[in-house]
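Heads up: the structure comes next, in structure tokens.
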Amino acid sequence: MNLLNKSLSRREVLRSLTCAATIAVWPMARTALATTEEHGEDSLLRPLPLNAVRLLKSEFRDGAEINQGYLESLSTDRLLHMFRLTAGISSKAEPLGGWEEPTCELRGHFAGGHYLSAAALAYATAGNDTLRDRGNAMVSALAACQKANGNGYLSAYPASFFERLARGEPVWAPFYTQHKILAGLIDMYVHTGNEEALQVAENMSGWVLSYFAGISDDQRQRMLRTEYGGMNEALVNLYALTGRERHLAAARLFEQPSFLDPLALRRDELQGLHANTNVPKVIGAARSYEVTGDPRYRGIADYFLEEVLAARNYVIGNTSEDEHWTTRAGDLAGTLSLTNAECCVAYNMMKLERHVFGWSGEARWMDAYERSLFNCRLGTQNGEGFKQYFFPLAAGYWRVYNSPEDSFWCCTGTGAEEFAKFTDTIYFTGRGGLWVNQFIASTAEWKDAGLSLRQETAFPAEQATTLVITAAPVEKKTICLRIPGWLAQGGSVEVNGRPLEAFAEPGSYLALERVWRAGDRVKLNLPMQLTTEPLSGAQATQAVLYGPLVLAADLGDGPSSGPTKILHGRGTTPKGVGAPLANPVVHAGHSAGTRAEWVDCVSASDLSFRTAGVNGVRSVMPMYRIKDQRYAVYWDMTT
């Protein structure tokens, strides 16, 4: 199977991955789609193109606009400074700090990579011409740097870093940075049509092949123990865009049997591994499945995602402690700390969920995506556009963000991309239907079908969403609504004010088929309830959810003058942070999935909650609304 659909341009294909009075209604099974082996590429679900979806007024659009403002505040000359010096081109710009400073071995990952991706995404999702133009100018400057290097090499540090890697000498992660630059160039081509960006990316791929030409397989596998990001994914994407086999050959140079083989055999050997080093390798496997059709790649991605979500995930929808999987599967007891849940990991897990959903159409993957989106993405940016690195889950800590020009962590970069692409998973198409996956105020245009709609909602403050058809074809079309697994009793659908008798089981999709007309309204009622979820391996340590929202205990104001950032790496507790507090103690016995009897909903529309008899808790609120307060996500049960 090859996903290069002859009826679409290769760039369009990759972008997609990146009678009126009657109605037919049927609940769709939890496994809604057959496999691609059974039905070919037509069974795949694909997201609507980014430029076909626009956010309406909401916390998501506010966050996207804040992020764009931050990106616009950065000087392109400063971003390009180290690329120019490395290529022998003069630059008088002031160097950036943090992970972009002239001595950092990861320099260039944000400046030439994440920034380009975020600029391209902001143009595609919001029509931001300023960022598109800046991205285009940067591509031209990077092309000049590559030309000056003369061999396809492009980086903000010298090629001697790769010589050190080949010799087995200490070096941070040179191919990780190459991946970010390569992905940024591909995004500029896919989302803005910049042909020069594609050529620079192809030249980079050529340099990779020449670099490995004299390196044995054994030596290469030793080198792959050093973090290399998503090089395999980016090179597979380059092959999908161009059809040139050499890019697929380059991608396969980054396949690591020591990591992939146990997953193919459905074995969890993740303990001790660096989480965000390895999730991108699985995304590369997922992309390889979509392009080559090799079912082994799908098995790897399916098993990995299922295993991490079931056995290594925190309630917020993210995984890792001090950047690693530190414990055996199914036992997170004792892992709550200052350095939980590196934000990059959530970004990559959501990318993987998006791929796997496209193969199966199972609502559980969009439930998981939603959990991460609201609980460990939406709140991780402050009002100035700065992003979190870690997500502390030990009680008594607070959110900490990067500085404007002296951090540039990996999570600064993935956060800039995340807040630029909130539209990418709201709607998918396939199997003759439009799939409504996320409840976010937005407009959508399904051009191939002639169907457009507006999603009106204040979800989660409003426990409903309404789809208003704004344009429709003359033939029947199907709209598939996600019926989330967290849904309480009373969920229902109304079409033009008329309740439908048919509904669907929570954790599935409901398909509505009819000849739609402009002005038709579909209202999905989404009642929520309070539930609990234990920490894996520690039944007496529980979190509280309201629908998909993780609730946090407000433990009082954070420090008036605390650390401005949390440093990267293992065991790097910032000076002055101190030890965590004890979790709030609840004097009652509860089990997973039952109502949290110690929390009451004061106002569903305000998303305000209170506790009864829990000392030290000022109030309870959705985690994404926590700003500067000290907080707790988990509670200790005692009888």
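Within each chain, counting starts at residue 1; across the structure tokens, chains are named A, B, ... in the order shown, with ligands numbered 1 upward in that order.
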
- Item | Contacts of A:Ala553 within 12 Å, only C-alpha atoms, excl. fewer than 3 positions in-chain, as a PyMOL selection string | chain A and resi 393-398+543-545+550+556-557+583-585+598-599+608-611+614-626+629-635

- Query: What's the 10 Å shell around A:Leu373, counting only C-alpha atoms, without same-chain residues fewer than 4 positions away, as a ChimeraX atom specification?
  - Reply: /A:316-317,346-347,350,367-369,377-379,418,422,438,548-549,624

- atom CA of A:His109 to atom CA of A:Leu142, straight-line distance in Å: 13.2 Å

Can you write out as CSV which residues of stretch 269-368 of chain A fall within 7 Å of stretch 499-521 of chain A, alongside each residue's closest atom pair and its distance in Å to one decimal, counting only C-alpha atoms and ordering rows by chain and ascending residue number?
```
residue,atom,partner,partner_atom,distance
A:Glu362,CA,A:Ser508,CA,6.7
A:Ala363,CA,A:Ser508,CA,5.1
A:Arg364,CA,A:Gly507,CA,6.0
```

- Test item: residues at most 9 Å from A:Gln388, only C-alpha atoms, excluding those fewer than 2 positions along its chain, as number ranges by chain: A: 342-343, 380-382, 386, 390-391, 399-402, 411-412, 415, 565-566

For the selection you just gave me, I'd like the residues written to a file as an mmCIF file, in the first residue's frame, keeping N, CA and C atoms.
```
data_model
loop_
_atom_site.group_PDB
_atom_site.id
_atom_site.type_symbol
_atom_site.label_atom_id
_atom_site.label_comp_id
_atom_site.auth_asym_id
_atom_site.auth_seq_id
_atom_site.Cartn_x
_atom_site.Cartn_y
_atom_site.Cartn_z
ATOM 1 N N GLU A 342 7.217 15.422 31.410
ATOM 2 C CA GLU A 342 7.848 16.363 30.487
ATOM 3 C C GLU A 342 6.871 16.699 29.361
ATOM 4 N N CYS A 343 6.662 17.979 29.119
ATOM 5 C CA CYS A 343 5.597 18.398 28.204
ATOM 6 C C CYS A 343 5.814 17.907 26.775
ATOM 7 N N THR A 380 -0.434 24.949 29.991
ATOM 8 C CA THR A 380 1.030 24.994 30.121
ATOM 9 C C THR A 380 1.661 26.194 29.419
ATOM 10 N N GLN A 381 0.868 27.181 29.065
ATOM 11 C CA GLN A 381 1.361 28.447 28.517
ATOM 12 C C GLN A 381 0.818 29.580 29.370
ATOM 13 N N ASN A 382 1.652 30.560 29.678
ATOM 14 C CA ASN A 382 1.147 31.701 30.441
ATOM 15 C C ASN A 382 0.725 32.825 29.505
ATOM 16 N N PHE A 386 4.909 32.018 27.257
ATOM 17 C CA PHE A 386 5.990 31.163 27.731
ATOM 18 C C PHE A 386 5.421 29.800 28.121
ATOM 19 N N PHE A 390 8.543 20.767 32.746
ATOM 20 C CA PHE A 390 7.954 19.659 33.494
ATOM 21 C C PHE A 390 6.559 20.032 33.974
ATOM 22 N N PHE A 391 5.826 19.010 34.424
ATOM 23 C CA PHE A 391 4.482 19.199 34.971
ATOM 24 C C PHE A 391 4.475 18.535 36.341
ATOM 25 N N ARG A 399 3.275 25.964 38.699
ATOM 26 C CA ARG A 399 3.713 26.021 37.303
ATOM 27 C C ARG A 399 4.913 26.972 37.171
ATOM 28 N N VAL A 400 5.869 26.579 36.326
ATOM 29 C CA VAL A 400 7.031 27.408 36.045
ATOM 30 C C VAL A 400 7.234 27.446 34.533
ATOM 31 N N TYR A 401 7.557 28.615 33.996
ATOM 32 C CA TYR A 401 7.624 28.806 32.548
ATOM 33 C C TYR A 401 9.015 29.274 32.120
ATOM 34 N N ASN A 402 9.263 29.157 30.822
ATOM 35 C CA ASN A 402 10.548 29.620 30.285
ATOM 36 C C ASN A 402 10.635 31.135 30.300
ATOM 37 N N CYS A 411 10.701 21.753 25.251
ATOM 38 C CA CYS A 411 9.276 21.964 25.492
ATOM 39 C C CYS A 411 8.829 23.366 25.100
ATOM 40 N N THR A 412 9.761 24.313 25.021
ATOM 41 C CA THR A 412 9.437 25.611 24.430
ATOM 42 C C THR A 412 9.060 25.409 22.969
ATOM 43 N N GLY A 415 5.851 23.206 22.537
ATOM 44 C CA GLY A 415 4.724 24.027 22.972
ATOM 45 C C GLY A 415 4.348 25.062 21.936
ATOM 46 N N LYS A 565 12.720 29.288 36.185
ATOM 47 C CA LYS A 565 12.702 28.142 35.284
ATOM 48 C C LYS A 565 13.120 26.886 36.017
ATOM 49 N N ILE A 566 12.726 25.751 35.468
ATOM 50 C CA ILE A 566 13.183 24.458 35.955
ATOM 51 C C ILE A 566 14.197 23.955 34.949
#
```

- stretch 277-359 of chain A: residues DSSP assigns to strand (DSSP E or B), reported as an MDAnalysis selection string: chainID A and resid 313 319 321 324 340

- Message: Please determine, counting only C-alpha atoms, which residue among A:His191, A:Arg371, A:Lys447, A:Arg298 has the shortest atom-to-atom distance to A:Leu121.
- Response: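 The closest residue to A:Leu121 is A:His191.
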
- Rank A:Gly293, A:Pro49, A:Pro257, A:Pro484 by their smallest atom-to-atom distance to A:Thr425, using only C-alpha atoms, and report the top residue only.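 Between A:Gly293, A:Pro49, A:Pro257, A:Pro484, the residue approaching A:Thr425 most closely is A:Pro49.
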
Report as JSON lines: every residue of stretch 378-413 of chain A with an atom at most 12 Å from stretch 73-77 of chain A, its closest pair of atoms, and their distance in Å to one decimal, counting only C-alpha atoms, with rows sorted by chain and ascending residue number.
```
{"residue": "A:Glu384", "atom": "CA", "partner": "A:Ser73", "partner_atom": "CA", "distance": 10.5}
{"residue": "A:Gly385", "atom": "CA", "partner": "A:Ser73", "partner_atom": "CA", "distance": 10.2}
{"residue": "A:Phe386", "atom": "CA", "partner": "A:Ser73", "partner_atom": "CA", "distance": 11.8}
{"residue": "A:Pro404", "atom": "CA", "partner": "A:Leu74", "partner_atom": "CA", "distance": 8.6}
{"residue": "A:Glu405", "atom": "CA", "partner": "A:Leu74", "partner_atom": "CA", "distance": 8.0}
{"residue": "A:Asp406", "atom": "CA", "partner": "A:Leu74", "partner_atom": "CA", "distance": 11.6}
{"residue": "A:Phe408", "atom": "CA", "partner": "A:Leu74", "partner_atom": "CA", "distance": 11.5}
```

- For A:Ala596, which residue out of A:Met637, A:Ile89, A:Leu434, A:Ala579 is the nearest one, using only C-alpha atoms? A:Met637
